[in-house]
Amino acid sequence: MHEQQIVAAVNSIMPFGKYAGRPLLLLPEPYLVWFHKQGFPDGKLGEQLALIYEIKLNGLEATFMPLLQR
């Protein structure tokens with residue numbers, strides 16, 4: 001995965017649901033676990049959610065926090 005794709009995933013905004021409007025990196029881990037169990041959406045959003053899930057699962061959230069553009 002390229003650095004640009006990671007930065008884009010970290011900064012992408014959740015477009016729907018309870019956490020609509022939040023950057024994907026700031027989604028709660030249980031929400032991402034739910035998606036992991038139910039299946040991520042198709043397309044780019046699903047790929048980004050899967051990446052953020054892996055980041056949080058491996059305890060790397062703090063490593064990627066500096067990439068978050070507010």
# chains A, B, ... in the order shown; residues from 1 in each chain; ligands from 1

$ residues_around --residues "A:Met65" --least-positions-apart "2" --cutoff "12 Å" --atoms "only C-alpha atoms" --output "number ranges by chain"
A: 6-7, 9-11, 23-26, 52, 55-56, 59-63, 67-70

$ select_by_dssp --residues "chain A" --states "helix (DSSP H, G or I)" --output "PyMOL selection string"
chain A and resi 3-11+24-26+29-38+43-57+61-67

$ atom_distance --atom1 "atom CA of A:Glu3" --atom2 "atom CA of A:Lys44"
15.4 Å

$ residues_around --residues "A:Tyr53" --least-positions-apart "2" --cutoff "10 Å" --atoms "only C-alpha atoms" --output "number ranges by chain"
A: 24-25, 27-33, 35-36, 47-51, 55-59, 61

$ atom_distance --atom1 "atom CA of A:Gly46" --atom2 "atom CA of A:Trp34"
12.8 Å

$ closest_residue --among "A:Ala8, A:Gln38, A:Arg22, A:Pro15" --to "A:Phe64" --atoms "only C-alpha atoms"
A:Ala8

$ atom_distance --atom1 "atom CA of A:Ser12" --atom2 "atom CA of A:Pro66"
14.5 Å
